[in-house]
Every structure is written in C-alpha cells, then in structure tokens.
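*Asks:* Can you read through this structure? Questions will come right after.
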Amino acid sequence: MKSRLSIAAVSAVSLVAFLGGTTVATAQESDPAPKSCDGVRLTGELPVPAPGQAVSGQITIGADCKPEPVSVQHGPASTRSVRTATAATAAGHQLRGWNEMYDCCNIRMTGLYTASSWDTANGRVTTATQEWNREPWDAGWSLASQTAKDDCATDCAEVNSEAHADFAYQGVFDPTGDWYDNTHHSFVQLKADGTASCRFDVELRHTFVGWNWRYGCE
C-alpha cells in the first residue's frame, strides 16, 4: 500500500491504452518512481470459454503508475465451477465471473463474484437468473454499498446483467478512511444462442505500485 511518509502530488493526466483488447485509463504522477498513484480505472473484456474451461486476465500497476500489458491465461475451470455447471446442465447454461484486487504482497483486498444461469428456446432466453456476492475482508476493508440489476429476465432476445460493489478502507495504512476506495463492476450479456460475454471494471481512488487486478470467467 502507500508509503505513510511521502505521498507524491498527482497530476490529472489521463492515459488510454489498448492492451490485448483491454482498455486502460489511469492518471500519472510527475515523479518517475512514485509510490502512490491516483485516479486509476481499469477495464477488461474476455471471451467466454468453452464449458469446463476458464479464461482470466491480470494487470499490474508498474513503477511509473502505468499499467503493465494485460496477461491473459486459459485453463481448466475451477472445481467449484465444474460442480455447479454439472448440476445446472439439465437447466441450461451457466457462467461464473470474478473481479478481484490484490496488493503488492499478493493479498486479496476486495472482490466481486457473479454467477449467471439461463435457458433458451426458439431463439429466446426463456429464463435467466443471476447471483452475486462480495467476500468479507479483514484488515480494514469493508463493504460500503452494493447494487445489481438485469434489463430482462424472462422471454428475452438477450439479457444484460450488471453488479457493483464499493469497498472502503480504514486501518493501519490509513486511519482516516479517506484515502482508499475500490469499486468493482461486472457486466454479463446472455444470448439466446447459448453464448455469453463478460466485461469487468475497477475504479481505485488511490493505488500503489505493485497492486494487481485479476478478472475472469468460466
């Protein structure tokens, strides 16, 4: 997290980069080797993998407050997802997504998790359900607010779902509670042909060199 002894002033310079299909917007400091970065927003979009597979992305905040190129990985789905998908096979389609922020010591700070299920018939999404949650965190992080909504749930050409969770921090790294704030966003589009897409955003009031954002779907 940030150095308690020196926090460099930040200039509101916006940078937009396209990294392997991921759009990144962040502010930079004039200090060539800053410890703390301000106004960071990261956005990632991933193709939904085949059943039983998972795809994930990771972006790390580099030494100059610039995000490092996105790293995309493919592999088998988690055991939890495989169990859920197997149980839901008779009902239709299932998709699980995650959106997490880690500090420079690889400690998970905040995260938003979603699960979507939908049935299709005659070119329509006949039913759709979404679930989402955040994990409880120790060490000063707490859930400040949460929302979720769908634009359609029954007999739809497609369903667009979104979930949001805002986390605040007050603790040893910032006793005031005014410095850190992580807001996670997850967006899922469910289609009548059984396919889907997932997109993720995270907004950080302040961040620190070495923090990394991980997101994925399976």
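Naming scheme: A, B, ... for chains in displayed order of the structure tokens; residues 1 onward per chain; ligands 1 onward as shown.
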Once you count only C-alpha atoms, what closest atom pair and distance in Å to one decimal does each residue of region 95-127 of chain A within 12 Å of region 51-61 of chain A have, with rows by chain and rising residue number, as CSV?

*Replies:*
residue,atom,partner,partner_atom,distance
A:Leu95,CA,A:Pro51,CA,9.0
A:Arg96,CA,A:Ala54,CA,9.4
A:Gly97,CA,A:Ser56,CA,9.4
A:Trp98,CA,A:Ser56,CA,8.9
A:Asn99,CA,A:Ser56,CA,9.7
A:Glu100,CA,A:Gln58,CA,9.6
A:Met101,CA,A:Gln58,CA,9.8
A:Tyr102,CA,A:Thr60,CA,9.3
A:Asp103,CA,A:Thr60,CA,9.6
A:Cys104,CA,A:Thr60,CA,9.0
A:Asn106,CA,A:Thr60,CA,11.1

*Asks:* Emit the selected residues as an mmCIF file, in the first residue's frame, including C-alpha atoms.

*Replies:*
data_model
loop_
_atom_site.group_PDB
_atom_site.id
_atom_site.type_symbol
_atom_site.label_atom_id
_atom_site.label_comp_id
_atom_site.auth_asym_id
_atom_site.auth_seq_id
_atom_site.Cartn_x
_atom_site.Cartn_y
_atom_site.Cartn_z
ATOM 1 C CA LEU A 95 -21.382 -18.727 -16.274
ATOM 2 C CA ARG A 96 -19.296 -17.638 -13.282
ATOM 3 C CA GLY A 97 -17.207 -14.462 -13.149
ATOM 4 C CA TRP A 98 -14.740 -12.876 -10.730
ATOM 5 C CA ASN A 99 -13.216 -9.401 -10.372
ATOM 6 C CA GLU A 100 -10.521 -9.032 -7.676
ATOM 7 C CA MET A 101 -7.915 -6.530 -6.463
ATOM 8 C CA TYR A 102 -4.642 -7.698 -4.856
ATOM 9 C CA ASP A 103 -1.932 -5.674 -3.152
ATOM 10 C CA CYS A 104 1.791 -5.869 -3.876
ATOM 11 C CA ASN A 106 -0.395 -10.849 -3.244
#

*Asks:* Could you give me, as a list of chain:residue names, the residues within 7 Å of Cys198 (chain A), counting only C-alpha atoms and dropping anything in the same chain fewer than 3 positions from it?

*Replies:* A:Glu45, A:Leu46, A:Pro47, A:Val48, A:Phe187, A:Val188, A:Gln189

*Asks:* Can you pull out every residue from region 131-160 of chain A that DSSP, working from the backbone, puts in strand (DSSP E), and format the result as a PyMOL selection string?

*Replies:* chain A and resi 131-134+141-150+154-156+158-160

*Asks:* How far is it from CA of Asp181 (chain A) to CA of Gln73 (chain A), in Å with one decimal?

*Replies:*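 Separating CA of Asp181 (chain A) from CA of Gln73 (chain A) is a distance of 27.5 Å.
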
*Asks:* Using only C-alpha atoms, find the one residue out of A:Lys191, A:Arg124, A:Arg41, A:His74 that sits nearest to Glu218 (chain A).

*Replies:*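 The answer is A:His74, which sits nearest to Glu218 (chain A).
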
*Asks:* Tell me, in Å to one decimal, how far CA of His93 (chain A) is from CA of Arg214 (chain A).

*Replies:*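 Going from CA of His93 (chain A) over to CA of Arg214 (chain A), I get 24.0 Å.
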
*Asks:* Counting only C-alpha atoms, figure out which residue out of A:Leu112, A:Ala165, A:Cys217, A:Leu190 gets nearest to Asp150 (chain A).

*Replies:*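 Comparing A:Leu112, A:Ala165, A:Cys217, A:Leu190 against Asp150 (chain A), the winner is A:Leu190.
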
*Asks:* For Asp119 (chain A), which residue among A:Cys152, A:Ala163, A:Val72, A:Ala192 is the nearest when counting only C-alpha atoms?

*Replies:*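 The answer is A:Ala192, which sits nearest to Asp119 (chain A).
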
*Asks:* Name all residues at most 7 Å from Ser186 (chain A) (count only C-alpha atoms; drop same-chain ones fewer than 2 positions away) and give them as a PyMOL selection string.

*Replies:* chain A and resi 162-164+184+188+199-201

*Asks:* Give me a file of those residues, with all heavy atoms, as a CSV table (one decimal), in the first residue's frame.

*Replies:*
chain,number,residue,atom,x,y,z
A,162,GLU,N,-25.7,-6.6,-14.6
A,162,GLU,CA,-24.6,-5.9,-14.0
A,162,GLU,C,-24.7,-5.9,-12.5
A,162,GLU,O,-25.7,-6.0,-11.9
A,162,GLU,CB,-24.5,-4.5,-14.5
A,162,GLU,CG,-25.8,-3.6,-14.3
A,162,GLU,CD,-25.7,-2.3,-14.9
A,162,GLU,OE1,-26.0,-2.1,-16.1
A,162,GLU,OE2,-25.3,-1.3,-14.2
A,163,ALA,N,-23.5,-6.0,-11.9
A,163,ALA,CA,-23.4,-6.0,-10.5
A,163,ALA,C,-22.3,-5.0,-10.1
A,163,ALA,O,-21.3,-4.9,-10.8
A,163,ALA,CB,-23.1,-7.4,-9.9
A,164,HIS,N,-22.4,-4.4,-8.9
A,164,HIS,CA,-21.5,-3.4,-8.5
A,164,HIS,C,-21.2,-3.5,-7.0
A,164,HIS,O,-22.2,-3.8,-6.2
A,164,HIS,CB,-22.0,-1.9,-8.8
A,164,HIS,CG,-22.5,-1.8,-10.2
A,164,HIS,ND1,-21.6,-1.4,-11.2
A,164,HIS,CD2,-23.7,-1.9,-10.7
A,164,HIS,CE1,-22.4,-1.3,-12.3
A,164,HIS,NE2,-23.6,-1.6,-12.0
A,184,HIS,N,-15.9,-2.2,-7.7
A,184,HIS,CA,-15.8,-3.2,-8.7
A,184,HIS,C,-17.1,-3.3,-9.5
A,184,HIS,O,-18.2,-3.1,-8.9
A,184,HIS,CB,-15.6,-4.6,-8.0
A,184,HIS,CG,-14.3,-4.7,-7.4
A,184,HIS,ND1,-13.2,-5.4,-8.0
A,184,HIS,CD2,-13.8,-4.3,-6.2
A,184,HIS,CE1,-12.2,-5.4,-7.2
A,184,HIS,NE2,-12.5,-4.7,-6.1
A,188,VAL,N,-22.5,-8.8,-17.6
A,188,VAL,CA,-22.6,-10.1,-18.4
A,188,VAL,C,-23.7,-10.0,-19.4
A,188,VAL,O,-24.8,-9.5,-19.0
A,188,VAL,CB,-22.9,-11.3,-17.4
A,188,VAL,CG1,-23.1,-12.6,-18.2
A,188,VAL,CG2,-21.7,-11.5,-16.4
A,199,ARG,N,-17.6,-8.6,-19.1
A,199,ARG,CA,-16.7,-7.4,-19.0
A,199,ARG,C,-16.6,-6.9,-17.6
A,199,ARG,O,-17.6,-7.1,-16.8
A,199,ARG,CB,-17.4,-6.3,-19.9
A,199,ARG,CG,-16.6,-5.0,-19.9
A,199,ARG,CD,-17.1,-4.1,-21.0
A,199,ARG,NE,-18.5,-3.8,-20.9
A,199,ARG,CZ,-19.0,-2.8,-20.1
A,199,ARG,NH1,-18.2,-2.0,-19.4
A,199,ARG,NH2,-20.3,-2.6,-20.1
A,200,PHE,N,-15.5,-6.4,-17.2
A,200,PHE,CA,-15.2,-6.0,-15.9
A,200,PHE,C,-14.6,-4.6,-15.8
A,200,PHE,O,-13.8,-4.3,-16.7
A,200,PHE,CB,-14.3,-7.0,-15.2
A,200,PHE,CG,-14.7,-8.5,-15.3
A,200,PHE,CD1,-14.3,-9.3,-16.4
A,200,PHE,CD2,-15.6,-9.0,-14.4
A,200,PHE,CE1,-14.7,-10.6,-16.5
A,200,PHE,CE2,-16.1,-10.3,-14.6
A,200,PHE,CZ,-15.6,-11.1,-15.6
A,201,ASP,N,-14.8,-3.9,-14.7
A,201,ASP,CA,-14.2,-2.6,-14.5
A,201,ASP,C,-13.9,-2.6,-13.0
A,201,ASP,O,-14.5,-3.2,-12.1
A,201,ASP,CB,-15.2,-1.5,-14.8
A,201,ASP,CG,-15.4,-1.3,-16.2
A,201,ASP,OD1,-14.7,-0.6,-16.9
A,201,ASP,OD2,-16.4,-1.9,-16.7

*Asks:* Contacts of Ala50 (chain A) at 10 Å or less, counting only C-alpha atoms, minus same-chain residues fewer than 6 places along, as number ranges by chain?

*Replies:* A: 76-77, 195, 218

*Asks:* Output N, CA, C and O atoms of each residue in that selection to a file, as an mmCIF file, in the first residue's frame.

*Replies:*
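To be explicit, this is the file written out as selection-v5.cif:
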data_model
loop_
_atom_site.group_PDB
_atom_site.id
_atom_site.type_symbol
_atom_site.label_atom_id
_atom_site.label_comp_id
_atom_site.auth_asym_id
_atom_site.auth_seq_id
_atom_site.Cartn_x
_atom_site.Cartn_y
_atom_site.Cartn_z
ATOM 1 N N PRO A 76 -8.253 -24.984 -17.254
ATOM 2 C CA PRO A 76 -9.477 -25.653 -16.811
ATOM 3 C C PRO A 76 -10.229 -24.813 -15.793
ATOM 4 O O PRO A 76 -9.635 -24.042 -15.040
ATOM 5 N N ALA A 77 -11.541 -24.965 -15.765
ATOM 6 C CA ALA A 77 -12.368 -24.267 -14.793
ATOM 7 C C ALA A 77 -12.097 -24.804 -13.399
ATOM 8 O O ALA A 77 -11.585 -25.909 -13.221
ATOM 9 N N THR A 195 -24.589 -18.446 -26.083
ATOM 10 C CA THR A 195 -23.301 -17.812 -25.849
ATOM 11 C C THR A 195 -23.456 -16.654 -24.859
ATOM 12 O O THR A 195 -24.566 -16.247 -24.518
ATOM 13 N N GLU A 218 -15.723 -18.330 -16.324
ATOM 14 C CA GLU A 218 -15.652 -19.765 -16.615
ATOM 15 C C GLU A 218 -17.045 -20.349 -16.647
ATOM 16 O O GLU A 218 -17.998 -19.759 -16.137
#

*Asks:* Would you pick out the contacts of Thr110 (chain A) at 12 Å or less, using only C-alpha atoms, so that residues sharing its chain but fewer than 3 positions from it are not included, and give the list as a PDB file with N, CA and C atoms, in the first residue's frame?

*Replies:*
ATOM      1  N   TRP A  98     -15.380 -13.456 -11.912  1.00  0.00           N
ATOM      2  CA  TRP A  98     -14.740 -12.876 -10.730  1.00  0.00           C
ATOM      3  C   TRP A  98     -13.965 -11.625 -11.120  1.00  0.00           C
ATOM      4  N   ASN A  99     -13.791 -10.723 -10.150  1.00  0.00           N
ATOM      5  CA  ASN A  99     -13.216  -9.401 -10.372  1.00  0.00           C
ATOM      6  C   ASN A  99     -12.555  -9.005  -9.049  1.00  0.00           C
ATOM      7  N   GLU A 100     -11.220  -9.119  -8.960  1.00  0.00           N
ATOM      8  CA  GLU A 100     -10.521  -9.032  -7.676  1.00  0.00           C
ATOM      9  C   GLU A 100      -9.347  -8.054  -7.730  1.00  0.00           C
ATOM     10  N   MET A 101      -9.072  -7.420  -6.583  1.00  0.00           N
ATOM     11  CA  MET A 101      -7.915  -6.530  -6.463  1.00  0.00           C
ATOM     12  C   MET A 101      -6.971  -7.073  -5.398  1.00  0.00           C
ATOM     13  N   TYR A 102      -5.678  -7.200  -5.763  1.00  0.00           N
ATOM     14  CA  TYR A 102      -4.642  -7.698  -4.856  1.00  0.00           C
ATOM     15  C   TYR A 102      -3.608  -6.609  -4.609  1.00  0.00           C
ATOM     16  N   ASP A 103      -2.990  -6.636  -3.421  1.00  0.00           N
ATOM     17  CA  ASP A 103      -1.932  -5.674  -3.152  1.00  0.00           C
ATOM     18  C   ASP A 103      -0.591  -6.230  -3.631  1.00  0.00           C
ATOM     19  N   ASN A 106       0.480  -9.783  -2.771  1.00  0.00           N
ATOM     20  CA  ASN A 106      -0.395 -10.849  -3.244  1.00  0.00           C
ATOM     21  C   ASN A 106      -1.507 -11.180  -2.251  1.00  0.00           C
ATOM     22  N   ILE A 107      -1.930 -10.185  -1.474  1.00  0.00           N
ATOM     23  CA  ILE A 107      -3.052 -10.349  -0.554  1.00  0.00           C
ATOM     24  C   ILE A 107      -4.310  -9.804  -1.223  1.00  0.00           C
ATOM     25  N   TYR A 113     -18.061 -11.205  -7.207  1.00  0.00           N
ATOM     26  CA  TYR A 113     -18.237 -12.508  -7.843  1.00  0.00           C
ATOM     27  C   TYR A 113     -19.668 -12.649  -8.335  1.00  0.00           C
ATOM     28  N   ASN A 133     -22.023 -11.766  -5.138  1.00  0.00           N
ATOM     29  CA  ASN A 133     -21.668 -11.537  -3.738  1.00  0.00           C
ATOM     30  C   ASN A 133     -20.285 -10.921  -3.659  1.00  0.00           C
ATOM     31  N   ARG A 134     -19.959 -10.393  -2.509  1.00  0.00           N
ATOM     32  CA  ARG A 134     -18.598  -9.957  -2.241  1.00  0.00           C
ATOM     33  C   ARG A 134     -18.100 -10.795  -1.065  1.00  0.00           C
ATOM     34  N   GLU A 135     -16.811 -10.939  -0.983  1.00  0.00           N
ATOM     35  CA  GLU A 135     -16.222 -11.700   0.110  1.00  0.00           C
ATOM     36  C   GLU A 135     -15.968 -10.775   1.305  1.00  0.00           C
ATOM     37  N   PRO A 136     -16.092 -11.268   2.537  1.00  0.00           N
ATOM     38  CA  PRO A 136     -15.778 -10.433   3.702  1.00  0.00           C
ATOM     39  C   PRO A 136     -14.263 -10.295   3.854  1.00  0.00           C
ATOM     40  N   TRP A 137     -13.810  -9.088   4.143  1.00  0.00           N
ATOM     41  CA  TRP A 137     -12.374  -8.840   4.257  1.00  0.00           C
ATOM     42  C   TRP A 137     -12.030  -8.339   5.657  1.00  0.00           C
ATOM     43  N   ASP A 138     -10.865  -8.713   6.115  1.00  0.00           N
ATOM     44  CA  ASP A 138     -10.337  -8.202   7.366  1.00  0.00           C
ATOM     45  C   ASP A 138      -9.388  -7.031   7.051  1.00  0.00           C
ATOM     46  N   ALA A 139      -8.637  -6.620   8.018  1.00  0.00           N
ATOM     47  CA  ALA A 139      -7.558  -5.634   7.846  1.00  0.00           C
ATOM     48  C   ALA A 139      -8.047  -4.306   7.296  1.00  0.00           C
ATOM     49  N   GLY A 140      -9.247  -3.893   7.695  1.00  0.00           N
ATOM     50  CA  GLY A 140      -9.675  -2.542   7.376  1.00  0.00           C
ATOM     51  C   GLY A 140     -10.630  -2.381   6.217  1.00  0.00           C
ATOM     52  N   TRP A 141     -10.753  -3.350   5.315  1.00  0.00           N
ATOM     53  CA  TRP A 141     -11.666  -3.213   4.185  1.00  0.00           C
ATOM     54  C   TRP A 141     -13.090  -3.557   4.615  1.00  0.00           C
ATOM     55  N   SER A 142     -14.072  -2.812   4.109  1.00  0.00           N
ATOM     56  CA  SER A 142     -15.470  -3.089   4.411  1.00  0.00           C
ATOM     57  C   SER A 142     -16.329  -2.724   3.208  1.00  0.00           C
ATOM     58  N   LEU A 143     -17.481  -3.367   3.103  1.00  0.00           N
ATOM     59  CA  LEU A 143     -18.405  -3.099   2.006  1.00  0.00           C
ATOM     60  C   LEU A 143     -19.198  -1.832   2.297  1.00  0.00           C
ATOM     61  N   ALA A 144     -19.101  -0.842   1.389  1.00  0.00           N
ATOM     62  CA  ALA A 144     -19.808   0.420   1.576  1.00  0.00           C
ATOM     63  C   ALA A 144     -21.176   0.419   0.903  1.00  0.00           C
ATOM     64  N   ALA A 165     -20.024  -3.276  -6.530  1.00  0.00           N
ATOM     65  CA  ALA A 165     -19.719  -3.307  -5.097  1.00  0.00           C
ATOM     66  C   ALA A 165     -18.638  -2.268  -4.811  1.00  0.00           C
ATOM     67  N   ASP A 166     -18.890  -1.437  -3.811  1.00  0.00           N
ATOM     68  CA  ASP A 166     -17.949  -0.384  -3.429  1.00  0.00           C
ATOM     69  C   ASP A 166     -17.380  -0.704  -2.053  1.00  0.00           C
ATOM     70  N   PHE A 167     -16.043  -0.682  -1.937  1.00  0.00           N
ATOM     71  CA  PHE A 167     -15.354  -1.029  -0.693  1.00  0.00           C
ATOM     72  C   PHE A 167     -14.561   0.165  -0.177  1.00  0.00           C
ATOM     73  N   ALA A 168     -14.605   0.376   1.115  1.00  0.00           N
ATOM     74  CA  ALA A 168     -13.837   1.446   1.760  1.00  0.00           C
ATOM     75  C   ALA A 168     -12.800   0.826   2.694  1.00  0.00           C
ATOM     76  N   TYR A 169     -11.766   1.593   2.984  1.00  0.00           N
ATOM     77  CA  TYR A 169     -10.698   1.112   3.860  1.00  0.00           C
ATOM     78  C   TYR A 169     -10.432   2.126   4.963  1.00  0.00           C
ATOM     79  N   TYR A 180      -8.306   5.294   0.555  1.00  0.00           N
ATOM     80  CA  TYR A 180      -8.546   4.151  -0.323  1.00  0.00           C
ATOM     81  C   TYR A 180     -10.033   3.918  -0.549  1.00  0.00           C
ATOM     82  N   ASP A 181     -10.381   3.528  -1.758  1.00  0.00           N
ATOM     83  CA  ASP A 181     -11.745   3.133  -2.106  1.00  0.00           C
ATOM     84  C   ASP A 181     -11.677   2.324  -3.394  1.00  0.00           C
ATOM     85  N   ASN A 182     -12.144   1.081  -3.367  1.00  0.00           N
ATOM     86  CA  ASN A 182     -12.159   0.209  -4.542  1.00  0.00           C
ATOM     87  C   ASN A 182     -13.605  -0.059  -4.949  1.00  0.00           C
ATOM     88  N   THR A 183     -13.942   0.241  -6.191  1.00  0.00           N
ATOM     89  CA  THR A 183     -15.288  -0.021  -6.697  1.00  0.00           C
ATOM     90  C   THR A 183     -15.199  -1.003  -7.858  1.00  0.00           C
ATOM     91  N   HIS A 184     -15.853  -2.152  -7.702  1.00  0.00           N
ATOM     92  CA  HIS A 184     -15.829  -3.214  -8.713  1.00  0.00           C
ATOM     93  C   HIS A 184     -17.143  -3.250  -9.488  1.00  0.00           C
ATOM     94  N   HIS A 185     -17.041  -3.479 -10.805  1.00  0.00           N
ATOM     95  CA  HIS A 185     -18.209  -3.584 -11.673  1.00  0.00           C
ATOM     96  C   HIS A 185     -18.072  -4.847 -12.524  1.00  0.00           C
ATOM     97  N   VAL A 202     -12.796  -1.816 -12.666  1.00  0.00           N
ATOM     98  CA  VAL A 202     -12.486  -1.489 -11.276  1.00  0.00           C
ATOM     99  C   VAL A 202     -11.991  -0.047 -11.235  1.00  0.00           C
ATOM    100  N   GLU A 203     -12.485   0.711 -10.275  1.00  0.00           N
ATOM    101  CA  GLU A 203     -12.071   2.091 -10.063  1.00  0.00           C
ATOM    102  C   GLU A 203     -11.415   2.184  -8.690  1.00  0.00           C
ATOM    103  N   LEU A 204     -10.227   2.773  -8.644  1.00  0.00           N
ATOM    104  CA  LEU A 204      -9.456   2.868  -7.410  1.00  0.00           C
ATOM    105  C   LEU A 204      -9.191   4.335  -7.099  1.00  0.00           C
ATOM    106  N   TRP A 211       0.228  -3.169  -7.006  1.00  0.00           N
ATOM    107  CA  TRP A 211      -1.140  -3.687  -6.929  1.00  0.00           C
ATOM    108  C   TRP A 211      -1.493  -4.332  -8.266  1.00  0.00           C
ATOM    109  N   ASN A 212      -2.294  -5.386  -8.240  1.00  0.00           N
ATOM    110  CA  ASN A 212      -2.688  -6.031  -9.489  1.00  0.00           C
ATOM    111  C   ASN A 212      -4.147  -6.439  -9.461  1.00  0.00           C
ATOM    112  N   TRP A 213      -4.757  -6.296 -10.621  1.00  0.00           N
ATOM    113  CA  TRP A 213      -6.183  -6.562 -10.806  1.00  0.00           C
ATOM    114  C   TRP A 213      -6.335  -7.873 -11.570  1.00  0.00           C
ATOM    115  N   ARG A 214      -7.179  -8.760 -11.080  1.00  0.00           N
ATOM    116  CA  ARG A 214      -7.410 -10.050 -11.731  1.00  0.00           C
ATOM    117  C   ARG A 214      -8.904 -10.228 -11.983  1.00  0.00           C
ATOM    118  N   TYR A 215      -9.227 -10.707 -13.160  1.00  0.00           N
ATOM    119  CA  TYR A 215     -10.623 -10.885 -13.540  1.00  0.00           C
ATOM    120  C   TYR A 215     -10.737 -12.081 -14.475  1.00  0.00           C
TER     121      TYR A 215
END

*Asks:* In Å, with one decimal, what is the gap from CA of Thr176 (chain A) to CA of Thr207 (chain A)?

*Replies:*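 Atom-to-atom, CA of Thr176 (chain A) and CA of Thr207 (chain A) are spaced 16.1 Å apart.
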
*Asks:* Taking only C-alpha atoms into account, which of A:Asp174, A:Asp193, A:Asp64, A:Asp155 comes nearest Cys37 (chain A)?

*Replies:*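 Counting only C-alpha atoms, the residue closest to Cys37 (chain A) is A:Asp64.
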
*Asks:* Let me make sure I understand: among A:Gly194, A:Ser117, A:Asn122, A:Gly44, which one has the smallest atom-to-atom distance to Ser161 (chain A) if we use only C-alpha atoms?

*Replies:*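 Smallest separation from Ser161 (chain A) among the options: A:Ser117.
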